[in-house]
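A.B. asks: Got a structure for you, run.cif, holding mmCIF, C-alpha atoms.
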```cif
data_model
loop_
_atom_site.label_atom_id
_atom_site.label_comp_id
_atom_site.auth_asym_id
_atom_site.auth_seq_id
_atom_site.Cartn_x
_atom_site.Cartn_y
_atom_site.Cartn_z
CA MET A 1 -12.77 -1.86 67.64
CA GLY A 2 -12.43 -1.69 71.40
CA ALA A 3 -15.48 -0.46 73.27
CA GLY A 4 -13.56 2.38 74.91
CA LEU A 5 -12.29 4.06 71.73
CA VAL A 6 -15.50 5.93 70.91
CA ARG A 7 -17.59 7.44 73.71
CA PRO A 8 -21.07 8.05 72.23
CA ALA A 9 -22.24 10.42 74.96
CA THR A 10 -19.56 12.95 74.03
CA LEU A 11 -20.10 12.95 70.26
CA VAL A 12 -23.45 14.69 69.78
CA ARG A 13 -24.38 17.99 71.42
CA ARG A 14 -28.05 18.50 72.18
CA PRO A 15 -29.95 21.34 73.89
CA ARG A 16 -30.48 20.64 77.55
CA HIS A 17 -34.21 21.23 77.28
CA SER A 18 -36.89 19.65 75.10
CA VAL A 19 -36.86 21.22 71.63
CA SER A 20 -40.56 20.38 71.39
CA GLU A 21 -41.23 22.96 74.09
CA ARG A 22 -38.61 25.61 73.50
CA PRO A 23 -36.35 26.59 70.59
CA PHE A 24 -32.65 26.99 71.15
CA LEU A 25 -32.51 29.78 68.56
CA VAL A 26 -35.00 32.35 67.24
CA ILE A 27 -34.00 34.56 64.33
CA TRP A 28 -35.93 37.73 63.56
CA GLU A 29 -35.64 39.35 60.15
CA ALA A 30 -35.79 42.97 61.27
CA THR A 31 -35.83 44.32 57.71
CA ARG A 32 -35.16 43.29 54.14
CA ALA A 33 -33.52 46.60 53.34
CA CYS A 34 -29.87 46.22 52.29
CA PRO A 35 -27.73 48.03 49.70
CA LEU A 36 -25.78 44.89 48.74
CA ALA A 37 -26.63 42.59 45.81
CA CYS A 38 -25.44 39.22 47.09
CA LEU A 39 -25.73 36.37 44.60
CA HIS A 40 -27.26 33.95 47.11
CA CYS A 41 -29.54 36.30 49.07
CA ARG A 42 -32.41 34.37 50.67
CA ALA A 43 -34.38 37.57 51.29
CA GLU A 44 -33.87 39.05 47.83
CA ALA A 45 -33.09 42.25 49.74
CA ALA A 46 -34.14 45.65 48.39
CA THR A 47 -32.75 49.13 48.94
CA ALA A 48 -35.84 50.37 50.81
CA ARG A 49 -37.66 49.05 53.87
CA HIS A 50 -40.90 47.16 53.26
CA PRO A 51 -44.08 49.10 54.17
CA GLU A 52 -45.47 46.08 56.09
CA GLU A 53 -42.29 45.54 58.11
CA LEU A 54 -42.95 45.02 61.83
CA ASP A 55 -42.78 48.36 63.61
CA GLY A 56 -41.10 48.94 66.97
CA ALA A 57 -44.18 48.06 68.99
CA TRP A 58 -44.63 44.74 67.21
CA ALA A 59 -40.90 44.03 67.42
CA ARG A 60 -41.18 44.36 71.20
CA ARG A 61 -44.15 42.00 71.20
CA VAL A 62 -42.09 39.46 69.27
CA MET A 63 -39.39 39.62 71.92
CA ASP A 64 -42.04 39.31 74.64
CA GLN A 65 -43.22 36.13 72.91
CA VAL A 66 -39.66 34.78 72.72
CA ALA A 67 -39.14 35.48 76.42
CA ALA A 68 -42.42 33.65 77.14
CA PHE A 69 -40.73 30.35 76.27
CA GLY A 70 -39.11 30.59 79.71
CA ARG A 71 -35.60 30.12 80.97
CA PRO A 72 -33.10 29.53 79.62
CA ALA A 73 -34.33 31.95 76.99
CA PRO A 74 -33.62 31.17 73.34
CA LEU A 75 -30.74 32.97 71.69
CA PHE A 76 -32.35 35.87 69.78
CA VAL A 77 -30.62 36.91 66.56
CA ILE A 78 -31.59 40.10 64.73
CA THR A 79 -30.85 39.71 61.04
CA GLY A 80 -31.91 41.17 57.69
CA GLY A 81 -31.31 42.45 55.03
CA ASP A 82 -29.09 44.73 57.03
CA PRO A 83 -30.48 45.29 60.55
CA PHE A 84 -28.48 48.52 60.79
CA GLN A 85 -31.01 49.97 58.33
CA ARG A 86 -33.46 50.16 61.25
CA PRO A 87 -33.02 53.38 63.23
CA ASP A 88 -34.53 51.76 66.34
CA LEU A 89 -32.08 48.82 66.38
CA THR A 90 -30.27 49.75 69.59
CA GLU A 91 -33.56 50.46 71.37
CA LEU A 92 -34.82 47.02 70.43
CA ILE A 93 -31.59 45.32 71.53
CA ALA A 94 -31.87 47.07 74.90
CA TYR A 95 -35.49 45.98 75.25
CA GLY A 96 -34.69 42.35 74.49
CA THR A 97 -31.73 42.38 76.85
CA GLY A 98 -34.01 43.76 79.55
CA LEU A 99 -36.27 40.76 79.08
CA GLY A 100 -33.34 38.44 79.75
CA LEU A 101 -32.73 37.48 76.11
CA ARG A 102 -29.24 36.89 74.77
CA VAL A 103 -29.25 39.14 71.73
CA ALA A 104 -26.96 38.85 68.71
CA VAL A 105 -26.91 40.92 65.51
CA SER A 106 -26.11 39.84 61.95
CA PRO A 107 -25.12 42.99 60.02
CA SER A 108 -24.09 43.26 56.39
CA GLY A 109 -20.76 44.63 55.21
CA THR A 110 -22.24 48.01 54.31
CA PRO A 111 -21.08 51.54 55.23
CA THR A 112 -23.23 51.23 58.38
CA LEU A 113 -20.81 48.62 59.74
CA THR A 114 -18.59 50.95 61.71
CA PRO A 115 -16.85 50.88 65.09
CA GLU A 116 -19.41 53.42 66.30
CA SER A 117 -22.42 51.33 65.28
CA LEU A 118 -20.88 48.20 66.75
CA ARG A 119 -20.16 50.03 70.00
CA ALA A 120 -23.79 51.16 70.09
CA VAL A 121 -25.17 47.63 69.77
CA ARG A 122 -22.71 46.37 72.37
CA ASP A 123 -23.68 49.14 74.79
CA ALA A 124 -27.34 48.27 74.18
CA GLY A 125 -26.63 44.72 75.35
CA ALA A 126 -25.81 42.65 72.28
CA VAL A 127 -23.36 39.85 73.04
CA ALA A 128 -22.34 38.74 69.55
CA VAL A 129 -22.31 39.59 65.86
CA SER A 130 -22.11 37.36 62.81
CA LEU A 131 -20.38 38.54 59.65
CA SER A 132 -20.25 36.99 56.19
CA LEU A 133 -17.02 36.12 54.41
CA ASP A 134 -17.40 34.38 51.05
CA GLY A 135 -13.85 34.79 49.77
CA SER A 136 -10.34 35.03 51.14
CA THR A 137 -9.59 38.11 49.03
CA ALA A 138 -11.39 41.32 48.16
CA ALA A 139 -11.75 40.26 44.53
CA ARG A 140 -13.48 36.99 45.44
CA HIS A 141 -15.69 38.27 48.24
CA ASP A 142 -16.78 41.51 46.60
CA ALA A 143 -17.69 39.71 43.37
CA PHE A 144 -20.02 37.42 45.33
CA ARG A 145 -21.52 40.31 47.31
CA GLY A 146 -22.04 42.46 44.23
CA VAL A 147 -20.48 45.68 45.62
CA PRO A 148 -16.82 46.71 45.84
CA GLY A 149 -15.29 47.43 49.24
CA VAL A 150 -17.37 44.92 51.23
CA PHE A 151 -14.39 42.70 52.02
CA GLU A 152 -12.42 45.51 53.64
CA ARG A 153 -15.44 46.77 55.58
CA THR A 154 -16.09 43.23 56.83
CA LEU A 155 -12.52 42.86 58.07
CA GLU A 156 -12.62 46.26 59.74
CA GLY A 157 -15.94 45.41 61.38
CA TRP A 158 -14.49 42.08 62.52
CA TRP A 159 -11.52 43.78 64.15
CA ALA A 160 -13.70 46.45 65.76
CA ALA A 161 -16.17 43.92 67.15
CA ARG A 162 -13.38 41.87 68.70
CA ALA A 163 -11.83 44.99 70.24
CA LEU A 164 -15.21 45.85 71.77
CA GLY A 165 -15.49 42.43 73.38
CA LEU A 166 -18.25 41.15 71.09
CA LYS A 167 -18.18 37.51 70.09
CA VAL A 168 -17.75 37.14 66.32
CA GLN A 169 -19.14 34.34 64.16
CA ILE A 170 -18.04 34.15 60.53
CA ASN A 171 -20.46 32.75 57.94
CA THR A 172 -19.33 31.41 54.55
CA THR A 173 -21.58 30.33 51.69
CA VAL A 174 -20.31 27.10 50.11
CA SER A 175 -20.92 27.55 46.38
CA ARG A 176 -19.04 26.97 43.15
CA ASP A 177 -17.60 30.46 43.61
CA SER A 178 -16.09 29.73 47.04
CA LEU A 179 -15.45 25.98 46.77
CA GLU A 180 -11.75 26.00 45.91
CA ASP A 181 -11.17 28.95 48.27
CA LEU A 182 -12.46 27.25 51.42
CA ALA A 183 -9.02 26.33 52.77
CA ASP A 184 -7.81 29.92 52.46
CA ILE A 185 -11.01 31.24 54.06
CA ALA A 186 -10.51 28.79 56.94
CA ALA A 187 -6.92 29.96 57.34
CA LEU A 188 -8.10 33.58 57.44
CA VAL A 189 -10.74 32.77 60.07
CA ARG A 190 -8.18 30.98 62.18
CA ARG A 191 -5.68 33.80 61.87
CA GLU A 192 -8.13 36.60 62.68
CA GLY A 193 -10.01 34.70 65.38
CA ALA A 194 -13.72 33.87 65.70
CA VAL A 195 -15.83 31.95 68.18
CA LEU A 196 -17.32 29.96 65.30
CA TRP A 197 -16.99 29.43 61.55
CA SER A 198 -20.31 28.47 59.96
CA ALA A 199 -20.31 27.01 56.44
CA PHE A 200 -23.67 27.50 54.75
CA LEU A 201 -24.69 24.89 52.18
CA LEU A 202 -26.75 26.65 49.55
CA VAL A 203 -30.55 26.28 49.55
CA PRO A 204 -32.37 27.05 46.28
CA THR A 205 -34.51 29.92 47.57
CA GLY A 206 -34.47 33.65 46.85
CA ARG A 207 -31.58 34.62 44.58
CA GLY A 208 -29.91 31.33 45.46
CA GLN A 209 -32.20 29.64 42.95
CA ARG A 210 -30.06 31.12 40.17
CA LEU A 211 -26.78 29.59 41.40
CA ASP A 212 -25.60 26.22 40.15
CA PRO A 213 -25.87 23.61 42.92
CA LEU A 214 -22.94 21.49 44.05
CA THR A 215 -23.03 17.74 43.59
CA PRO A 216 -23.69 15.53 46.62
CA GLU A 217 -20.19 14.05 46.16
CA ALA A 218 -18.57 17.48 46.30
CA ILE A 219 -20.52 18.34 49.42
CA GLU A 220 -19.41 15.10 51.06
CA ASP A 221 -15.79 16.10 50.38
CA VAL A 222 -16.47 19.57 51.82
CA LEU A 223 -18.07 18.16 54.98
CA HIS A 224 -15.11 15.90 55.64
CA PHE A 225 -12.75 18.83 55.06
CA LEU A 226 -14.78 20.92 57.52
CA HIS A 227 -14.48 18.09 60.01
CA ASP A 228 -10.71 18.23 59.57
CA CYS A 229 -10.83 22.00 60.14
CA GLY A 230 -12.47 21.31 63.50
CA ALA A 231 -9.03 20.31 64.78
CA VAL A 232 -7.88 23.94 64.59
CA LEU A 233 -11.02 26.10 64.75
CA PRO A 234 -14.64 25.69 65.89
CA VAL A 235 -16.80 24.77 62.88
CA LYS A 236 -20.50 24.27 62.23
CA THR A 237 -22.71 24.13 59.17
CA THR A 238 -25.94 25.89 58.27
CA GLU A 239 -28.36 23.70 56.29
CA GLY A 240 -25.71 20.99 56.33
CA HIS A 241 -27.28 18.70 58.91
CA HIS A 242 -25.46 15.65 57.55
CA PHE A 243 -22.30 17.18 59.01
CA ARG A 244 -23.42 15.46 62.22
CA ARG A 245 -23.42 12.12 60.41
CA VAL A 246 -19.94 12.81 59.05
CA ALA A 247 -18.66 13.71 62.52
CA LEU A 248 -20.00 10.45 63.95
CA GLN A 249 -18.60 8.35 61.12
CA ARG A 250 -15.21 10.02 61.39
CA ALA A 251 -15.07 9.39 65.13
CA VAL A 252 -15.20 5.67 64.37
CA LEU A 253 -12.97 5.71 61.29
CA ASP A 254 -10.30 7.91 62.89
CA ALA A 255 -10.22 5.71 65.98
CA ARG A 256 -9.72 2.71 63.71
CA GLY A 257 -7.07 4.48 61.66
CA GLU A 258 -9.15 4.07 58.52
CA PRO A 259 -9.28 7.01 56.07
CA PRO A 260 -12.67 7.91 54.57
CA ALA A 261 -13.21 7.13 50.90
CA LEU A 262 -13.52 10.57 49.31
CA GLY A 263 -13.18 12.30 45.96
CA PRO A 264 -10.60 14.57 44.32
CA LEU A 265 -12.03 17.78 45.78
CA TYR A 266 -11.15 16.65 49.28
CA GLY A 267 -7.57 16.05 48.16
CA ARG A 268 -7.36 19.52 46.61
CA LEU A 269 -8.73 21.17 49.74
CA ARG A 270 -6.26 19.31 51.93
CA ALA A 271 -3.38 20.25 49.62
CA ARG A 272 -4.40 23.90 49.63
CA ALA A 273 -4.74 23.78 53.43
CA ALA A 274 -1.18 22.50 53.65
CA SER A 275 0.03 25.41 51.47
CA ALA A 276 -1.87 27.84 53.69
CA ARG A 277 -0.38 26.11 56.78
CA LEU A 278 -3.89 25.76 58.15
CA PHE A 279 -3.23 22.73 60.33
CA GLU A 280 0.05 23.85 61.83
CA GLY A 281 0.32 24.85 65.47
CA GLU A 282 -2.01 24.25 68.38
CA ARG A 283 -4.85 21.76 67.98
CA ARG A 284 -8.26 21.84 69.63
CA PRO A 285 -8.56 18.94 72.10
CA VAL A 286 -12.16 17.87 71.39
CA ARG A 287 -14.21 17.65 68.20
CA ARG A 288 -17.89 16.88 68.47
CA ALA A 289 -20.79 16.89 66.05
CA PRO A 290 -22.55 20.28 65.75
CA LEU A 291 -25.49 21.01 68.04
CA ASP A 292 -28.53 18.92 67.14
CA VAL A 293 -30.76 21.81 66.07
CA SER A 294 -32.58 22.13 62.73
CA SER A 295 -35.67 23.61 61.09
CA GLY A 296 -38.56 23.53 63.53
CA ARG A 297 -36.53 21.40 65.92
CA GLY A 298 -34.90 23.94 68.19
CA PHE A 299 -35.07 26.69 65.54
CA ALA A 300 -37.67 29.27 64.51
CA PHE A 301 -37.60 32.23 62.13
CA VAL A 302 -39.82 35.32 62.26
CA SER A 303 -39.98 37.28 59.00
CA HIS A 304 -40.02 41.05 58.57
CA THR A 305 -43.83 40.92 58.38
CA GLY A 306 -44.29 38.54 61.32
CA GLU A 307 -44.68 35.25 59.44
CA VAL A 308 -43.19 32.32 61.36
CA HIS A 309 -41.13 29.77 59.41
CA PRO A 310 -39.12 26.74 60.57
CA SER A 311 -36.05 28.54 59.15
CA GLY A 312 -35.27 31.51 56.97
CA PHE A 313 -34.52 29.17 54.09
CA LEU A 314 -37.82 27.28 54.35
CA PRO A 315 -40.45 29.80 53.18
CA VAL A 316 -43.49 27.87 54.39
CA PRO A 317 -45.46 29.87 56.98
CA ALA A 318 -46.85 28.20 60.08
CA GLY A 319 -48.64 31.33 61.33
CA ASN A 320 -48.07 34.98 62.09
CA VAL A 321 -47.10 36.48 65.44
CA LYS A 322 -49.79 39.13 64.94
CA ASN A 323 -52.49 36.46 65.04
CA ARG A 324 -51.07 33.73 67.26
CA PRO A 325 -48.25 33.77 69.85
CA LEU A 326 -44.91 32.37 68.75
CA THR A 327 -44.99 29.90 71.63
CA GLU A 328 -48.21 28.35 70.30
CA ILE A 329 -47.00 28.28 66.69
CA TYR A 330 -43.71 26.64 67.63
CA ARG A 331 -45.20 24.08 70.01
CA GLY A 332 -48.40 23.19 68.22
CA SER A 333 -48.54 24.07 64.53
CA PRO A 334 -48.84 21.02 62.24
CA LEU A 335 -45.76 22.11 60.27
CA PHE A 336 -43.47 22.39 63.30
CA THR A 337 -44.70 19.21 64.96
CA ALA A 338 -44.26 17.27 61.71
CA LEU A 339 -40.69 18.49 61.33
CA ARG A 340 -39.89 17.18 64.81
CA ASP A 341 -41.13 13.69 63.93
CA THR A 342 -38.38 11.99 61.94
CA SER A 343 -40.62 8.95 61.34
CA LEU A 344 -42.44 11.07 58.75
CA LEU A 345 -39.40 11.64 56.56
CA GLY A 346 -39.47 10.20 53.07
CA GLY A 347 -36.94 8.91 50.55
CA ARG A 348 -33.40 8.14 51.68
CA CYS A 349 -33.79 10.43 54.71
CA GLY A 350 -36.69 8.30 55.90
CA ALA A 351 -34.70 5.09 55.48
CA CYS A 352 -31.47 6.45 56.99
CA GLU A 353 -30.21 5.15 60.30
CA PHE A 354 -28.72 8.59 61.04
CA LYS A 355 -32.04 10.45 60.76
CA PRO A 356 -32.50 10.94 64.53
CA VAL A 357 -29.32 13.07 64.64
CA CYS A 358 -29.48 14.49 61.12
CA GLY A 359 -32.82 14.45 59.32
CA GLY A 360 -31.41 16.24 56.29
CA SER A 361 -32.07 19.82 55.26
CA ARG A 362 -35.82 20.31 55.23
CA ALA A 363 -35.30 23.64 53.47
CA ARG A 364 -33.34 22.03 50.64
CA ALA A 365 -35.84 19.17 50.37
CA TYR A 366 -38.62 21.71 49.97
CA GLY A 367 -36.61 23.93 47.60
CA THR A 368 -35.88 21.06 45.24
CA THR A 369 -38.93 18.78 45.56
CA GLY A 370 -41.66 20.93 47.11
CA ASP A 371 -41.95 18.40 49.96
CA VAL A 372 -40.73 19.55 53.39
CA LEU A 373 -40.49 15.89 54.46
CA GLY A 374 -38.73 14.62 51.33
CA GLU A 375 -35.12 13.52 51.08
CA ASP A 376 -32.23 15.97 51.05
CA PRO A 377 -30.83 15.72 47.50
CA TYR A 378 -27.45 17.11 48.57
CA CYS A 379 -26.61 14.07 50.70
CA ALA A 380 -24.45 11.37 49.11
CA TYR A 381 -24.91 8.78 51.85
CA GLU A 382 -26.76 5.55 51.07
CA PRO A 383 -28.64 4.31 54.15
CA GLY A 384 -27.10 1.24 55.73
CA SER A 385 -23.75 1.54 53.95
CA PHE A 386 -21.60 2.53 56.96
CA PRO A 387 -19.93 -0.72 58.06
CA TYR A 388 -19.55 0.16 61.75
CA GLN A 389 -23.05 1.33 62.51
CA ALA A 390 -23.36 -0.95 65.55
CA GLU A 391 -20.74 1.14 67.32
CA LEU A 392 -22.93 4.25 66.95
CA ARG A 393 -26.30 2.63 67.66
CA PRO A 394 -26.76 4.24 71.11
CA LEU A 395 -26.78 7.63 69.36
CA THR A 396 -28.76 6.90 66.24
CA GLU A 397 -31.57 5.09 68.01
CA ARG A 398 -32.74 8.11 69.98
CA THR A 399 -36.22 9.44 69.17
CA ALA A 400 -36.85 12.93 67.87
#
```
Kindly transcribe the structure held in the file into structure tokens.
C.D. replies:
Amino acid sequence: MGAGLVRPATLVRRPRHSVSERPFLVIWEATRACPLACLHCRAEAATARHPEELDGAWARRVMDQVAAFGRPAPLFVITGGDPFQRPDLTELIAYGTGLGLRVAVSPSGTPTLTPESLRAVRDAGAVAVSLSLDGSTAARHDAFRGVPGVFERTLEGWWAARALGLKVQINTTVSRDSLEDLADIAALVRREGAVLWSAFLLVPTGRGQRLDPLTPEAIEDVLHFLHDCGAVLPVKTTEGHHFRRVALQRAVLDARGEPPALGPLYGRLRARAASARLFEGERRPVRRAPLDVSSGRGFAFVSHTGEVHPSGFLPVPAGNVKNRPLTEIYRGSPLFTALRDTSLLGGRCGACEFKPVCGGSRARAYGTTGDVLGEDPYCAYEPGSFPYQAELRPLTERTA
């Protein structure tokens, strides 16, 4: 392959600052209250708010601690449960915005998701919302969410948010329920418009422990299909860090005109995409690997009671904001510093040449093996098996 066909510097996106000093993203679980009964719910949400939930004063202190990381401030996402179950939500958004934080909200498709509530969060200073879509039809989505009418409310909220000038991210859980529907979901996202489509690869935590996991081979097919989707809409994964490996491998293979060796699921997804006319029309000019951010490495999660975790799907506490500032926990706790050191990874992740830009899902490693530094069992890649690794060496030799 000619040296000019792949330009390594353009393939991987990284935060412009050191992720050892400052996270790119902080998510705060404002409440676990939510009237839905989603099959995969990490929080195992309940109908009532928890008595030890952070009150307004502590919520403000959390945002003070996030702002203390300095500029540029991390993106601050208020999630749940359903954050609209908090009556002080708009006051808190306004406070965070006043500190210079970029605030986003992740509501559920409940009756509280209305044009009026979305206008209120926008007027308070929120810049974006993320909504969940786990099926291309009401029957599929509502069955997964456990309550009828959620699909229609989600679409109406999507339209209202766009009309209000809010950025909209769409999140989709990749499970056996949604697997064969992914092409139609992608077509819906492209048609309705979103700044980002995030495919979440299931982690066995919360209610998600009761769902049957996908095979590593099926996930490999899904990741390559998502890479294809990147030609027509912006795509990322949540807890699918090996999507970065796939993007790098495909940059080389596509430049060489060599198709990847994949399974029958990939063929079915491509065929369904053709029927849905997903890839017709205008193409996006540049596809790059998703931003190099993962648990504890550019990412922090604050629970409804103030516990700090590397992510919402990795329920191992590193401290509590009531006892120690978030800046100190993120920068100096043994858990967070270990997660930023890829030399500590075990199993195939530890042996993998892609670990500096992937590292595997630490949440899934913990959920399946109990070891936060173990291998990600959902990855099908065998270290050293990519034949053109030398062409990507400038990227994969970087340190954590």
A.B. asks: Give the answer as one residue: which of A:Ala187, A:Leu262, A:Val235, A:Ala338 has the shortest atom-to-atom distance to Ala274 of chain A, using only C-alpha atoms?
C.D. replies: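 Checking each of A:Ala187, A:Leu262, A:Val235, A:Ala338 against Ala274 of chain A, counting only C-alpha atoms, the winner is A:Ala187.
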A.B. asks: Mind pulling up the distance from atom CA of Ala128 of chain A to atom CA of Val195 of chain A?
C.D. replies: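 Between atom CA of Val195 of chain A and atom CA of Ala128 of chain A the gap is 9.5 Å.
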A.B. asks: Do a neighbour search on segment 70-72 of chain A at 9 Å with only C-alpha atoms, toss out local chain neighbours closer than 5 positions, and write the hits as a VMD selection string.
C.D. replies: chain A and resid 17 22 24 100 to 101
A.B. asks: Run the PyMOL selection byres ((chain A and resi 299) around 9) mentally over the shown coordinates, then write out the matched residues as a PyMOL selection string, using the chain letters and numbers from the document.
C.D. replies: chain A and resi 19+22-27+293-298+300-301+310-311+330
A.B. asks: Report the residues retrieved by the PyMOL selection byres ((chain A and resi 303) around 8) from the displayed file, expressed as an MDAnalysis selection string.
C.D. replies: chainID A and resid 28:30 301:302 304:309 312
A.B. asks: Might you pull out every residue within 8 Å of Trp158 of chain A, with all atoms listed in the file counted and same-chain residues fewer than 4 positions away left off, and present them as a list in words?
C.D. replies: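 Here the answer would be Leu131, Thr154, Arg162 and Val168 of chain A.
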A.B. asks: From the list A:Pro315, A:Pro264, A:Gly367, A:Gly384, which residue is nearest Glu353 of chain A when using only C-alpha atoms?
C.D. replies: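 When distances to Glu353 of chain A are compared using only C-alpha atoms, the smallest one comes from A:Gly384.
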A.B. asks: Give me the result of the PyMOL selection byres ((chain A and resi 327) around 8) on this file, residue by residue, as number ranges by chain.
C.D. replies: A: 22, 65-66, 68-69, 325-326, 328-331
A.B. asks: Calculated over only C-alpha atoms, which of the candidates A:Leu164, A:Leu202, A:Ala273, A:Leu226 has the smallest distance to Asp177 of chain A?
C.D. replies: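 Once distances to Asp177 of chain A are computed over only C-alpha atoms, the minimum belongs to A:Leu202.
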A.B. asks: Give me, as a ChimeraX atom specification, all polymer residues having an atom no more than 7 Å from Ile93 of chain A, counting only C-alpha atoms and skipping those fewer than 5 positions away in the same chain.
C.D. replies: /A:103,124-126
A.B. asks: Find the residues near segment 242-252 of chain A: any atom within 9 Å, counting all atoms listed in the file, skip ones fewer than 2 places away on the same chain, and give them as JSON, numbers by chain.
C.D. replies: {"A": [1, 5, 6, 8, 11, 12, 220, 223, 224, 226, 227, 236, 237, 239, 240, 254, 255, 256, 257, 258, 259, 260, 287, 288, 289, 290, 291, 292, 354, 355, 357, 358, 359, 360, 361, 379, 381, 386, 388, 389, 391, 392]}
A.B. asks: Can you work out the spacing between atom CA of Tyr378 of chain A and atom CA of Phe200 of chain A in Å, to one decimal?
C.D. replies: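 If I compute the distance from atom CA of Tyr378 of chain A to atom CA of Phe200 of chain A, I get 12.7 Å.
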A.B. asks: For a test of reading the model, state the distance in Å between atom CA of Ser136 of chain A and atom CA of Pro377 of chain A, rounded to one decimal.
C.D. replies: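 Distance between the two atoms: 28.4 Å.
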A.B. asks: Between A:Val77, A:Ala199, A:Cys349, A:Val316, single out the one closest to Leu92 of chain A, counting all atoms listed in the file.
C.D. replies: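 Under the stated criterion, the closest residue is A:Val77.
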A.B. asks: Using all atoms listed in the file, determine which residues lie at most 12 Å from Asp88 of chain A, disregarding the query and same-chain residues fewer than 3 positions distant; provide the list as a list of chain:residue names.
C.D. replies: A:Ala30, A:Thr31, A:Leu54, A:Asp55, A:Gly56, A:Ala57, A:Ala59, A:Arg60, A:Pro83, A:Phe84, A:Gln85, A:Glu91, A:Leu92, A:Ile93, A:Ala94, A:Tyr95, A:Ala120, A:Val121, A:Ala124
A.B. asks: Measuring between all atoms listed in the file, which one of A:Phe225, A:Leu253, A:Val129, A:Ser175 shows the shortest distance to Leu196 of chain A?
C.D. replies: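 Of A:Phe225, A:Leu253, A:Val129, A:Ser175, the one nearest Leu196 of chain A is A:Val129, counting all atoms listed in the file.
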A.B. asks: Please produce segment 352-364 of chain A, completed to N, CA and C atoms, as a PDB file, in the coordinates of the input.
C.D. replies:
```pdb
ATOM      1  N   CYS A 352     -32.841   6.333  56.473  1.00  0.00           N
ATOM      2  CA  CYS A 352     -31.470   6.450  56.990  1.00  0.00           C
ATOM      3  C   CYS A 352     -31.393   6.213  58.486  1.00  0.00           C
ATOM      4  N   GLU A 353     -30.412   5.439  58.885  1.00  0.00           N
ATOM      5  CA  GLU A 353     -30.210   5.150  60.300  1.00  0.00           C
ATOM      6  C   GLU A 353     -29.704   6.357  61.071  1.00  0.00           C
ATOM      7  N   PHE A 354     -29.215   7.384  60.370  1.00  0.00           N
ATOM      8  CA  PHE A 354     -28.720   8.590  61.040  1.00  0.00           C
ATOM      9  C   PHE A 354     -29.800   9.661  61.191  1.00  0.00           C
ATOM     10  N   LYS A 355     -31.035   9.387  60.777  1.00  0.00           N
ATOM     11  CA  LYS A 355     -32.040  10.450  60.760  1.00  0.00           C
ATOM     12  C   LYS A 355     -32.340  11.039  62.143  1.00  0.00           C
ATOM     13  N   PRO A 356     -32.220  10.297  63.255  1.00  0.00           N
ATOM     14  CA  PRO A 356     -32.500  10.940  64.530  1.00  0.00           C
ATOM     15  C   PRO A 356     -31.511  12.049  64.898  1.00  0.00           C
ATOM     16  N   VAL A 357     -30.305  12.031  64.330  1.00  0.00           N
ATOM     17  CA  VAL A 357     -29.320  13.070  64.640  1.00  0.00           C
ATOM     18  C   VAL A 357     -29.006  13.927  63.434  1.00  0.00           C
ATOM     19  N   CYS A 358     -29.703  13.703  62.326  1.00  0.00           N
ATOM     20  CA  CYS A 358     -29.480  14.490  61.120  1.00  0.00           C
ATOM     21  C   CYS A 358     -30.824  14.948  60.579  1.00  0.00           C
ATOM     22  N   GLY A 359     -31.510  14.097  59.866  1.00  0.00           N
ATOM     23  CA  GLY A 359     -32.820  14.450  59.320  1.00  0.00           C
ATOM     24  C   GLY A 359     -32.759  15.189  58.003  1.00  0.00           C
ATOM     25  N   GLY A 360     -31.541  15.548  57.554  1.00  0.00           N
ATOM     26  CA  GLY A 360     -31.410  16.240  56.290  1.00  0.00           C
ATOM     27  C   GLY A 360     -31.918  17.669  56.346  1.00  0.00           C
ATOM     28  N   SER A 361     -31.599  18.446  55.341  1.00  0.00           N
ATOM     29  CA  SER A 361     -32.070  19.820  55.260  1.00  0.00           C
ATOM     30  C   SER A 361     -33.510  19.834  54.764  1.00  0.00           C
ATOM     31  N   ARG A 362     -34.420  20.210  55.637  1.00  0.00           N
ATOM     32  CA  ARG A 362     -35.820  20.310  55.230  1.00  0.00           C
ATOM     33  C   ARG A 362     -36.017  21.455  54.250  1.00  0.00           C
ATOM     34  N   ALA A 363     -35.202  22.514  54.395  1.00  0.00           N
ATOM     35  CA  ALA A 363     -35.300  23.640  53.470  1.00  0.00           C
ATOM     36  C   ALA A 363     -34.875  23.230  52.065  1.00  0.00           C
ATOM     37  N   ARG A 364     -33.809  22.439  51.953  1.00  0.00           N
ATOM     38  CA  ARG A 364     -33.340  22.030  50.640  1.00  0.00           C
ATOM     39  C   ARG A 364     -34.292  20.988  50.028  1.00  0.00           C
TER      40      ARG A 364
END
```
